[in-house]
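Colleague: query_39.cif is reproduced in full below (mmCIF, C-alpha atoms (C1' of nucleotides)).
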data_upload
#
loop_
_atom_site.label_atom_id
_atom_site.label_comp_id
_atom_site.auth_asym_id
_atom_site.auth_seq_id
_atom_site.Cartn_x
_atom_site.Cartn_y
_atom_site.Cartn_z
CA MET A 1 73.25 76.35 89.63
CA PRO A 2 72.91 80.01 90.54
CA ARG A 3 73.40 79.11 94.18
CA ASN A 4 76.89 77.86 93.52
CA LYS A 5 77.77 80.77 91.36
CA GLU A 6 76.82 83.16 94.08
CA SER A 7 78.86 81.49 96.75
CA ASN A 8 81.77 81.16 94.40
CA GLN A 9 81.60 84.85 93.81
CA LYS A 10 81.56 85.39 97.53
CA VAL A 11 84.67 83.30 98.06
CA LYS A 12 86.31 85.15 95.24
CA ASP A 13 85.48 88.53 96.77
CA GLU A 14 86.74 87.42 100.13
CA ARG A 15 90.04 86.30 98.68
CA LYS A 16 90.40 89.60 96.91
CA GLU A 17 89.66 91.46 100.11
CA GLN A 18 92.21 89.39 101.93
CA ILE A 19 94.88 90.10 99.35
CA LEU A 20 94.07 93.79 99.37
CA SER A 21 94.21 94.13 103.12
CA VAL A 22 97.56 92.40 103.41
CA ALA A 23 98.92 94.32 100.44
CA LEU A 24 97.84 97.61 102.02
CA MET A 25 99.78 96.78 105.15
CA LEU A 26 102.86 95.75 103.21
CA PHE A 27 102.82 98.60 100.72
CA ALA A 28 102.47 101.01 103.62
CA THR A 29 105.35 99.55 105.59
CA LYS A 30 107.75 98.65 102.81
CA GLY A 31 106.65 100.56 99.75
CA LEU A 32 105.50 99.19 96.43
CA ALA A 33 108.89 98.32 94.98
CA ALA A 34 110.21 96.56 98.06
CA THR A 35 107.08 94.49 98.57
CA ARG A 36 107.37 91.15 96.84
CA ILE A 37 104.53 89.03 95.68
CA THR A 38 105.96 86.30 97.89
CA ASP A 39 105.46 88.57 100.91
CA ILE A 40 101.80 88.91 100.09
CA SER A 41 101.49 85.24 99.44
CA ALA A 42 103.16 84.36 102.74
CA LYS A 43 100.97 86.65 104.85
CA THR A 44 97.74 85.57 103.17
CA ASP A 45 98.54 81.88 102.90
CA ILE A 46 97.54 82.13 99.29
CA SER A 47 100.04 80.65 96.88
CA GLN A 48 102.00 82.90 94.62
CA GLY A 49 100.41 81.51 91.50
CA LEU A 50 96.92 81.99 92.82
CA ILE A 51 97.43 85.68 93.44
CA TYR A 52 97.83 86.09 89.71
CA HIS A 53 94.45 84.49 89.35
CA TYR A 54 92.90 87.43 91.14
CA PHE A 55 95.12 90.27 90.03
CA SER A 56 97.12 90.51 86.88
CA SER A 57 100.11 92.20 88.52
CA LYS A 58 101.44 93.75 91.67
CA GLU A 59 100.71 97.14 90.18
CA GLU A 60 97.05 96.31 89.71
CA ILE A 61 96.75 95.56 93.41
CA PHE A 62 98.32 98.90 94.19
CA VAL A 63 96.06 100.81 91.84
CA SER A 64 93.03 99.12 93.28
CA LEU A 65 94.01 100.26 96.77
CA ILE A 66 94.60 103.82 95.66
CA ARG A 67 91.23 103.90 94.00
CA SER A 68 89.35 102.81 97.07
CA ALA A 69 91.35 105.13 99.33
CA MET A 70 90.40 108.14 97.22
CA ASN A 71 86.79 107.03 97.06
CA LYS A 72 86.52 106.67 100.81
CA MET A 73 88.03 110.07 101.49
CA ASN A 74 85.93 111.91 98.96
CA GLU A 75 82.81 110.16 100.11
CA ALA A 76 83.48 111.29 103.67
CA ALA A 77 84.08 114.87 102.53
CA ARG A 78 80.84 114.95 100.54
CA ASN A 79 78.88 113.60 103.47
CA LEU A 80 80.36 116.25 105.70
CA GLU A 81 79.35 119.04 103.39
CA ARG A 82 75.76 117.79 103.25
CA LEU A 83 75.24 117.82 107.00
CA PRO A 84 72.65 120.35 108.22
CA ILE A 85 74.94 122.02 110.74
CA PRO A 86 76.82 125.35 110.79
CA ALA A 87 80.25 125.63 109.15
CA LYS A 88 82.03 125.89 112.47
CA GLU A 89 80.56 122.61 113.60
CA LYS A 90 81.58 120.99 110.34
CA ILE A 91 85.17 122.07 110.81
CA ILE A 92 85.30 120.80 114.35
CA LEU A 93 83.67 117.55 113.30
CA ALA A 94 86.08 117.06 110.41
CA ALA A 95 89.10 117.65 112.60
CA THR A 96 87.76 115.39 115.32
CA GLU A 97 86.93 112.55 113.01
CA LEU A 98 90.14 112.76 111.03
CA LEU A 99 92.31 112.78 114.12
CA LYS A 100 90.27 109.98 115.66
CA GLY A 101 90.66 107.98 112.47
CA ILE A 102 94.41 108.39 112.60
CA VAL A 103 94.62 107.23 116.19
CA LYS A 104 92.15 104.38 116.13
CA ASN A 105 92.20 102.97 112.71
CA GLU A 106 95.40 101.35 111.60
CA SER A 107 94.39 101.39 107.98
CA THR A 108 93.71 105.11 107.90
CA SER A 109 97.32 106.12 108.34
CA GLN A 110 98.34 103.35 106.01
CA TYR A 111 96.13 104.83 103.32
CA TYR A 112 97.68 108.25 103.85
CA PHE A 113 101.14 106.90 103.36
CA LEU A 114 100.07 104.95 100.30
CA ILE A 115 98.75 108.09 98.71
CA THR A 116 101.76 110.15 99.69
CA GLN A 117 103.97 107.48 98.24
CA ALA A 118 101.97 107.27 95.06
CA ALA A 119 101.88 111.01 94.60
CA LEU A 120 105.58 111.40 95.27
CA SER A 121 107.27 108.50 93.67
CA ASP A 122 108.06 108.10 90.01
CA ALA A 123 108.19 104.37 90.46
CA ILE A 124 104.43 104.10 90.62
CA PRO A 125 101.97 103.03 87.95
CA LEU A 126 100.81 106.00 85.93
CA GLU A 127 97.21 105.00 86.48
CA ALA A 128 97.58 105.47 90.24
CA LYS A 129 99.07 108.90 89.77
CA GLU A 130 96.25 109.91 87.49
CA ILE A 131 93.57 108.79 89.89
CA ILE A 132 95.14 110.94 92.55
CA LYS A 133 95.60 113.92 90.29
CA SER A 134 91.98 113.85 89.17
CA GLN A 135 90.45 113.20 92.58
CA ASN A 136 92.60 114.89 95.15
CA ASP A 137 91.10 118.29 94.57
CA VAL A 138 87.59 117.18 95.50
CA LYS A 139 88.17 117.27 99.23
CA TYR A 140 90.28 120.43 99.00
CA GLU A 141 87.45 122.25 97.33
CA ILE A 142 84.88 121.05 99.80
CA ILE A 143 86.87 122.16 102.82
CA THR A 144 87.66 125.50 101.17
CA ARG A 145 83.94 126.11 100.67
CA ILE A 146 83.25 125.28 104.29
CA PHE A 147 85.94 127.74 105.42
CA GLN A 148 84.40 130.44 103.25
CA GLU A 149 80.99 129.77 104.69
CA GLY A 150 82.49 130.02 108.16
CA GLN A 151 84.04 133.36 107.27
CA LYS A 152 80.61 134.67 106.29
CA ASP A 153 79.35 133.48 109.66
CA GLY A 154 82.21 135.39 111.27
CA VAL A 155 83.59 132.35 113.07
CA VAL A 156 86.54 131.49 110.82
CA LYS A 157 89.72 133.57 110.63
CA ASP A 158 90.13 135.94 107.74
CA HIS A 159 93.08 134.30 106.04
CA ASP A 160 92.84 133.09 102.47
CA ALA A 161 90.51 130.09 102.63
CA ARG A 162 92.48 128.03 100.16
CA GLU A 163 95.68 128.58 102.12
CA MET A 164 94.01 127.45 105.29
CA THR A 165 92.90 124.34 103.45
CA THR A 166 96.49 123.63 102.50
CA PHE A 167 97.46 123.78 106.15
CA PHE A 168 94.45 121.70 107.07
CA PHE A 169 95.37 118.75 104.90
CA THR A 170 99.13 118.95 105.09
CA THR A 171 98.92 118.90 108.86
CA ILE A 172 96.54 115.95 108.87
CA ASN A 173 98.81 114.20 106.44
CA GLY A 174 101.86 114.96 108.55
CA LEU A 175 100.17 113.60 111.65
CA ALA A 176 99.10 110.44 109.87
CA LEU A 177 102.64 109.80 108.74
CA ASN A 178 103.93 110.48 112.24
CA LYS A 179 101.45 108.00 113.62
CA ALA A 180 102.56 105.48 111.00
CA ILE A 181 106.15 105.97 112.10
CA TYR A 182 105.68 105.83 115.85
CA GLY A 183 102.71 103.47 116.05
CA LYS A 184 101.41 103.01 119.56
CA LYS A 185 104.00 105.35 120.98
CA PHE A 186 102.43 108.23 119.08
CA LYS A 187 100.43 110.51 121.33
CA MET A 188 97.87 112.55 119.47
CA PRO A 189 98.17 116.20 120.48
CA ASP A 190 95.18 118.28 121.50
CA LYS A 191 93.02 119.11 118.50
CA ASN A 192 92.36 122.60 119.82
CA ILE A 193 95.93 123.56 118.97
CA PHE A 194 95.16 122.60 115.40
CA LEU A 195 91.82 124.39 115.34
CA ASN A 196 93.59 127.61 116.39
CA MET A 197 94.75 127.92 112.81
CA PHE A 198 91.22 128.33 111.55
CA LEU A 199 88.69 129.28 114.19
CA LYS A 200 88.31 132.64 115.82
CA MET B 1 153.99 113.82 96.25
CA PRO B 2 151.64 115.38 98.73
CA ARG B 3 150.38 117.72 96.07
CA ASN B 4 149.03 114.85 94.03
CA LYS B 5 147.53 113.15 96.99
CA GLU B 6 145.64 116.26 97.89
CA SER B 7 144.21 116.79 94.47
CA ASN B 8 143.34 113.14 94.21
CA GLN B 9 141.47 113.42 97.45
CA LYS B 10 139.66 116.42 96.06
CA VAL B 11 138.58 114.58 92.94
CA LYS B 12 137.47 111.71 95.10
CA ASP B 13 135.38 113.98 97.29
CA GLU B 14 133.83 115.63 94.30
CA ARG B 15 132.85 112.31 92.81
CA LYS B 16 131.32 111.27 96.10
CA GLU B 17 129.39 114.52 96.27
CA GLN B 18 128.16 114.02 92.75
CA ILE B 19 126.95 110.52 93.49
CA LEU B 20 125.27 111.66 96.68
CA SER B 21 123.45 114.53 95.06
CA VAL B 22 122.08 112.42 92.25
CA ALA B 23 121.19 109.64 94.64
CA LEU B 24 119.30 112.08 96.86
CA MET B 25 117.21 113.18 93.92
CA LEU B 26 116.51 109.63 92.83
CA PHE B 27 115.81 108.21 96.27
CA ALA B 28 113.43 111.09 96.88
CA THR B 29 111.54 110.63 93.63
CA LYS B 30 111.57 106.85 93.34
CA GLY B 31 112.39 105.47 96.74
CA LEU B 32 115.34 103.37 97.74
CA ALA B 33 114.11 100.05 96.43
CA ALA B 34 113.05 101.35 93.03
CA THR B 35 116.25 103.27 92.41
CA ARG B 36 118.77 101.18 90.55
CA ILE B 37 122.48 101.64 90.63
CA THR B 38 122.26 101.99 86.86
CA ASP B 39 119.99 105.01 87.35
CA ILE B 40 122.62 106.67 89.47
CA SER B 41 125.33 105.72 87.06
CA ALA B 42 123.38 107.09 84.10
CA LYS B 43 122.65 110.45 85.71
CA THR B 44 126.18 110.94 86.98
CA ASP B 45 127.98 109.59 83.92
CA ILE B 46 129.98 107.46 86.29
CA SER B 47 130.13 103.84 85.33
CA GLN B 48 128.35 101.27 87.42
CA GLY B 49 131.54 99.62 88.49
CA LEU B 50 133.11 102.85 89.59
CA ILE B 51 130.28 103.64 91.95
CA TYR B 52 131.28 100.61 93.92
CA HIS B 53 134.71 102.10 94.21
CA TYR B 54 133.26 104.95 96.22
CA PHE B 55 130.47 103.22 98.09
CA SER B 56 130.23 99.60 99.02
CA SER B 57 126.51 99.32 98.35
CA LYS B 58 123.35 101.19 97.46
CA GLU B 59 122.40 101.08 101.12
CA GLU B 60 125.59 102.80 102.15
CA ILE B 61 124.77 105.72 99.90
CA PHE B 62 121.36 105.94 101.48
CA VAL B 63 122.69 105.81 105.02
CA SER B 64 125.22 108.48 104.20
CA LEU B 65 122.44 110.79 103.01
CA ILE B 66 120.34 110.18 106.09
CA ARG B 67 123.27 110.93 108.31
CA SER B 68 124.02 114.27 106.73
CA ALA B 69 120.33 115.22 106.66
CA MET B 70 120.01 114.67 110.38
CA ASN B 71 123.23 116.53 111.06
CA LYS B 72 122.15 119.56 109.08
CA MET B 73 118.78 119.76 110.78
CA ASN B 74 120.13 119.36 114.29
CA GLU B 75 122.88 121.83 113.61
CA ALA B 76 120.31 124.39 112.52
CA ALA B 77 118.20 123.75 115.60
CA ARG B 78 121.17 124.17 117.92
CA ASN B 79 122.17 127.40 116.25
CA LEU B 80 118.65 128.69 116.65
CA GLU B 81 118.59 127.97 120.35
CA ARG B 82 121.86 129.81 120.88
CA LEU B 83 120.71 133.06 119.29
CA PRO B 84 120.47 135.98 121.73
CA ILE B 85 116.85 136.87 120.90
CA PRO B 86 113.54 136.33 122.71
CA ALA B 87 111.68 133.03 122.32
CA LYS B 88 108.95 134.59 120.24
CA GLU B 89 111.49 135.79 117.71
CA LYS B 90 113.09 132.38 117.63
CA ILE B 91 109.78 130.75 116.80
CA ILE B 92 109.02 133.22 114.05
CA LEU B 93 112.52 132.83 112.68
CA ALA B 94 112.33 129.04 112.71
CA ALA B 95 109.00 129.02 110.91
CA THR B 96 110.19 131.57 108.37
CA GLU B 97 113.41 129.78 107.60
CA LEU B 98 111.87 126.34 107.43
CA LEU B 99 109.12 127.44 105.08
CA LYS B 100 111.59 129.39 102.99
CA GLY B 101 113.82 126.35 102.77
CA ILE B 102 110.93 124.23 101.55
CA VAL B 103 110.03 126.69 98.82
CA LYS B 104 113.47 127.66 97.63
CA ASN B 105 115.64 124.70 98.12
CA GLU B 106 114.86 121.63 96.08
CA SER B 107 117.00 119.43 98.25
CA THR B 108 115.27 120.45 101.46
CA SER B 109 111.99 118.77 100.63
CA GLN B 110 113.91 115.87 99.18
CA TYR B 111 115.62 115.36 102.52
CA TYR B 112 112.29 115.46 104.30
CA PHE B 113 110.90 112.75 102.11
CA LEU B 114 114.03 110.67 102.52
CA ILE B 115 113.69 110.78 106.27
CA THR B 116 109.97 110.07 106.18
CA GLN B 117 110.65 107.16 103.92
CA ALA B 118 113.43 105.85 106.10
CA ALA B 119 111.41 106.19 109.26
CA LEU B 120 108.36 104.54 107.76
CA SER B 121 109.57 101.78 105.60
CA ASP B 122 110.74 98.39 106.78
CA ALA B 123 112.74 98.01 103.60
CA ILE B 124 115.43 100.35 104.82
CA PRO B 125 118.84 99.59 106.26
CA LEU B 126 118.66 99.22 110.01
CA GLU B 127 121.51 101.66 110.40
CA ALA B 128 119.48 104.44 108.81
CA LYS B 129 116.56 103.77 111.10
CA GLU B 130 118.82 103.86 114.12
CA ILE B 131 120.36 107.17 113.16
CA ILE B 132 116.91 108.65 112.92
CA LYS B 133 115.71 107.11 116.14
CA SER B 134 118.68 108.43 118.08
CA GLN B 135 118.79 111.89 116.55
CA ASN B 136 115.25 112.87 115.75
CA ASP B 137 114.47 113.90 119.29
CA VAL B 138 117.20 116.54 119.39
CA LYS B 139 115.25 119.10 117.43
CA TYR B 140 111.99 118.20 119.15
CA GLU B 141 113.51 118.92 122.51
CA ILE B 142 115.01 122.19 121.41
CA ILE B 143 111.75 123.53 120.03
CA THR B 144 109.87 122.32 123.09
CA ARG B 145 112.26 124.27 125.31
CA ILE B 146 111.77 127.38 123.20
CA PHE B 147 107.98 127.06 123.49
CA GLN B 148 108.28 126.75 127.26
CA GLU B 149 110.47 129.82 127.41
CA GLY B 150 107.86 131.65 125.34
CA GLN B 151 105.16 130.58 127.74
CA LYS B 152 107.11 132.11 130.61
CA ASP B 153 107.32 135.31 128.59
CA GLY B 154 103.55 135.13 128.15
CA VAL B 155 103.72 135.20 124.35
CA VAL B 156 103.13 131.52 123.58
CA LYS B 157 99.78 129.81 124.03
CA ASP B 158 99.21 127.70 127.10
CA HIS B 159 98.85 124.33 125.44
CA ASP B 160 101.19 121.49 126.31
CA ALA B 161 104.54 122.51 124.82
CA ARG B 162 105.43 119.06 123.62
CA GLU B 163 102.10 118.75 121.82
CA MET B 164 102.66 122.05 120.09
CA THR B 165 106.04 120.74 119.00
CA THR B 166 104.38 117.71 117.46
CA PHE B 167 102.15 120.00 115.43
CA PHE B 168 105.10 122.18 114.58
CA PHE B 169 107.12 119.43 112.95
CA THR B 170 104.32 117.35 111.52
CA THR B 171 102.98 120.41 109.74
CA ILE B 172 106.39 121.34 108.39
CA ASN B 173 106.86 117.79 107.26
CA GLY B 174 103.45 117.72 105.63
CA LEU B 175 104.19 120.93 103.76
CA ALA B 176 107.55 119.64 102.57
CA LEU B 177 105.93 116.53 101.20
CA ASN B 178 103.24 118.58 99.54
CA LYS B 179 105.89 120.71 97.93
CA ALA B 180 107.71 117.59 96.78
CA ILE B 181 104.49 116.36 95.19
CA TYR B 182 103.40 119.55 93.47
CA GLY B 183 106.79 121.08 92.73
CA LYS B 184 106.53 124.51 91.22
CA LYS B 185 102.76 124.46 91.31
CA PHE B 186 102.87 124.43 95.10
CA LYS B 187 101.99 127.78 96.61
CA MET B 188 103.27 128.23 100.12
CA PRO B 189 100.46 129.45 102.36
CA ASP B 190 100.85 132.41 104.69
CA LYS B 191 103.04 131.52 107.65
CA ASN B 192 100.86 133.54 110.00
CA ILE B 193 98.17 130.88 109.72
CA PHE B 194 100.72 128.41 111.00
CA LEU B 195 101.96 130.67 113.77
CA ASN B 196 98.39 130.97 115.04
CA MET B 197 98.83 127.52 116.54
CA PHE B 198 101.52 128.75 118.88
CA LEU B 199 101.61 132.49 119.38
CA LYS B 200 99.21 134.55 121.40
"C1'" DG C 1 90.50 77.15 91.83
"C1'" DT C 2 94.62 75.87 93.62
"C1'" DC C 3 99.18 74.34 93.87
"C1'" DT C 4 104.23 73.41 92.43
"C1'" DA C 5 107.70 74.00 89.29
"C1'" DT C 6 109.98 76.74 86.13
"C1'" DA C 7 111.09 80.22 82.48
"C1'" DT C 8 112.66 84.67 82.13
"C1'" DC C 9 114.44 88.75 83.28
"C1'" DC C 10 116.88 92.14 85.63
"C1'" DA C 11 119.46 94.26 89.32
"C1'" DG C 12 123.40 94.27 92.56
"C1'" DA C 13 127.84 93.35 92.98
"C1'" DT C 14 132.50 91.57 91.35
"C1'" DA C 15 136.53 90.59 88.35
"C1'" DG C 16 139.88 91.86 85.60
"C1'" DA C 17 141.79 94.53 81.66
"C1'" DC C 18 143.68 99.04 80.76
"C1'" DG D 1 140.83 105.22 88.82
"C1'" DT D 2 138.04 103.80 85.37
"C1'" DC D 3 135.75 100.89 82.27
"C1'" DT D 4 133.43 96.53 80.27
"C1'" DA D 5 132.02 92.06 80.86
"C1'" DT D 6 130.18 88.77 83.78
"C1'" DC D 7 128.49 86.13 87.82
"C1'" DT D 8 124.84 85.33 90.76
"C1'" DG D 9 120.70 85.75 93.14
"C1'" DG D 10 116.18 86.73 93.43
"C1'" DA D 11 111.63 88.38 91.86
"C1'" DT D 12 107.76 88.48 88.48
"C1'" DA D 13 104.98 86.02 85.96
"C1'" DT D 14 103.59 81.68 83.51
"C1'" DA D 15 102.72 76.74 82.60
"C1'" DG D 16 100.78 72.80 83.61
"C1'" DA D 17 99.27 69.11 86.82
"C1'" DC D 18 95.53 68.08 90.00
#
So, in terms of structure tokens, how does the structure I just supplied come out?
Modeller:
Amino acid sequence: MPRNKESNQKVKDERKEQILSVALMLFATKGLAATRITDISAKTDISQGLIYHYFSSKEEIFVSLIRSAMNKMNEAARNLERLPIPAKEKIILAATELLKGIVKNESTSQYYFLITQAALSDAIPLEAKEIIKSQNDVKYEIITRIFQEGQKDGVVKDHDAREMTTFFFTTINGLALNKAIYGKKFKMPDKNIFLNMFLK
Amino acid sequence: MPRNKESNQKVKDERKEQILSVALMLFATKGLAATRITDISAKTDISQGLIYHYFSSKEEIFVSLIRSAMNKMNEAARNLERLPIPAKEKIILAATELLKGIVKNESTSQYYFLITQAALSDAIPLEAKEIIKSQNDVKYEIITRIFQEGQKDGVVKDHDAREMTTFFFTTINGLALNKAIYGKKFKMPDKNIFLNMFLK
DNA sequence: GTCTATATCCAGATAGAC
DNA sequence: GTCTATCTGGATATAGAC
């Protein structure tokens, strides 16, 4: 009965998705250690025991979220680099999309906090830390290259490109955390202030 | 025996300081929930039981740290505002000192993470959240006023002052977290890139 | 696949001796 | 003031019935 197998798989995937989405919210608002399996089970209406049918531990859920967060971000950065537009436009587009993502998409700022948490805290599965260590540089390098290209074009300021990249991501990260803290009360400031750091 | 009382008080204060300084380090690297009283007791060489002689709970230690972090920051902001120098100099001084603090002083970035954690996480004593809520605005308002003064002087860019303040602190916060993540490998970027957001 | 019940463990906090 | 020993609660993870 291949038919049944397929739909079973689908149900299984949906359950996993459901667990992951609730876990993301909880990990982002409470942290890994303070989130109990019972919290996840309550918010998903999936019994405690059943969660262990889909994931072998709380940590595995966390690692799975970190992995997909990093994949999404790197994917977006690679797509940006490939676009057939000038460097300046890429920078403006990146800033616009990232800020928009923070404002509109709940899960974006949640992902940022998850990664910050994972990178910072010792109380995090080693596997999560290693994923971040090995993949975090990807987007840094891409943006640095774009800045350098912009400098050749004469439209990007002549500071060290790598240092500008540090400001680029730390500021985005800071904003995402601020949005996570203040929620709807957070008012996104004008992106042109931000772009002043990089564009002539 | 007032003499004895005094020196007893001194020992008591020292013990409290010792507990607080270890707790700060642990809360910043593991988070509140994942830090166990036994961790604090091990690193201080103070027995578990004795810690409860000085603080009534793990949460109280945390709240105490948050309180002194907010006090220090607001104190610094107030001192800055009082200085008899032009707004532009105040802004440069603030940026310089804040970035220097992040690089030099271990505990500075630890405090930043503590506050971010406390503001973000639901798994934090209400009292800590309330301290932050009621005191966080102080430094925002001070810096906003300084930006406005600088705009009158014609040396600060004509963006909305409050929005610049948001960028000011979110970027500082982002850098502090980055420093906390990368430790000694973190290279502080040139502060002039940062100042480009605000100064003409 | 799904639930309920439970074993096991561990952390926070307390009690009580010195 | 300081320690060791202990109580107690609660959370992870498992077992076993349906």
Colleague: Evaluate the PyMOL selection byres ((chain A) within 12 of (chain C)) against this structure - the residues, as an MDAnalysis selection string, please.
Modeller: chainID A and resid 8:9 11:12 15 45:54
Colleague: Grab the atom CA of A:Thr144 to atom CA of A:Thr165 distance for me, in Å with one decimal place.
Modeller: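 So the answer is 5.8 Å.
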Colleague: Rank A:Leu126, A:Met197, A:Ala23, A:Ile142 by their smallest atom-to-atom distance to A:Tyr111, using all atoms listed in the file, and report the top residue only.
Modeller: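 Closest to A:Tyr111 of all the choices is A:Ala23.
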Colleague: Select, from B:Asn74, B:Ser41, B:Gln135, B:Thr171, the residue with the minimum atom-to-atom distance to chain A, counting only C-alpha atoms.
Modeller: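 Of B:Asn74, B:Ser41, B:Gln135, B:Thr171, the one nearest chain A, counting only C-alpha atoms, is B:Thr171.
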Colleague: Which residues of chain A are close to chain B, meaning at most 7 Å apart when you count all atoms listed in the file, and how do they look as a PyMOL selection string?
Modeller: chain A and resi 29-31+33-34+119-123+163-164+170-171+173-175+178+180-181+189-190+193-194+196-197
Colleague: Enumerate, as a ChimeraX atom specification, the residues matched when the PyMOL selection byres ((chain D) within 10 of (chain A)) is run on the file above.
Modeller: /D:11-14
Colleague: Write out as a PyMOL selection string which residues come within 12 Å of A:Lys184 when counting only C-alpha atoms (C1' of nucleotides), dropping same-chain ones fewer than 6 positions away.
Modeller: chain A and resi 102-106+178
Colleague: Per residue of stretch 114-180 of chain B within 8 Å of stretch 75-96 of chain B, what are the shortest atom pair and its distance in Å to one decimal, counting only C-alpha atoms, with rows by chain and residue number, as JSON lines?
Modeller:
{"residue": "B:Lys139", "atom": "CA", "partner": "B:Ala77", "partner_atom": "CA", "distance": 5.8}
{"residue": "B:Ile142", "atom": "CA", "partner": "B:Ala77", "partner_atom": "CA", "distance": 6.8}
{"residue": "B:Ile143", "atom": "CA", "partner": "B:Ala77", "partner_atom": "CA", "distance": 7.8}
{"residue": "B:Ile146", "atom": "CA", "partner": "B:Ala87", "partner_atom": "CA", "distance": 5.7}
{"residue": "B:Phe147", "atom": "CA", "partner": "B:Ala87", "partner_atom": "CA", "distance": 7.1}
{"residue": "B:Glu149", "atom": "CA", "partner": "B:Ala87", "partner_atom": "CA", "distance": 6.1}
{"residue": "B:Gly150", "atom": "CA", "partner": "B:Ala87", "partner_atom": "CA", "distance": 5.1}
{"residue": "B:Asp153", "atom": "CA", "partner": "B:Ala87", "partner_atom": "CA", "distance": 8.0}
{"residue": "B:Val155", "atom": "CA", "partner": "B:Lys88", "partner_atom": "CA", "distance": 6.7}
{"residue": "B:Val156", "atom": "CA", "partner": "B:Lys88", "partner_atom": "CA", "distance": 7.4}
Colleague: If you measure from atom C1' of D:DG1 to atom CA of B:Met25, what distance in Å do you get, rounded to one decimal?
Modeller: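 So the two atoms, atom C1' of D:DG1 and atom CA of B:Met25, lie 25.4 Å apart.
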Colleague: So the first atom is atom CA of A:Lys133 and the second is atom CA of B:Leu99; what is the distance between them in Å, to one decimal place?
Modeller: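 Atom CA of B:Leu99 lies 24.2 Å from atom CA of A:Lys133.
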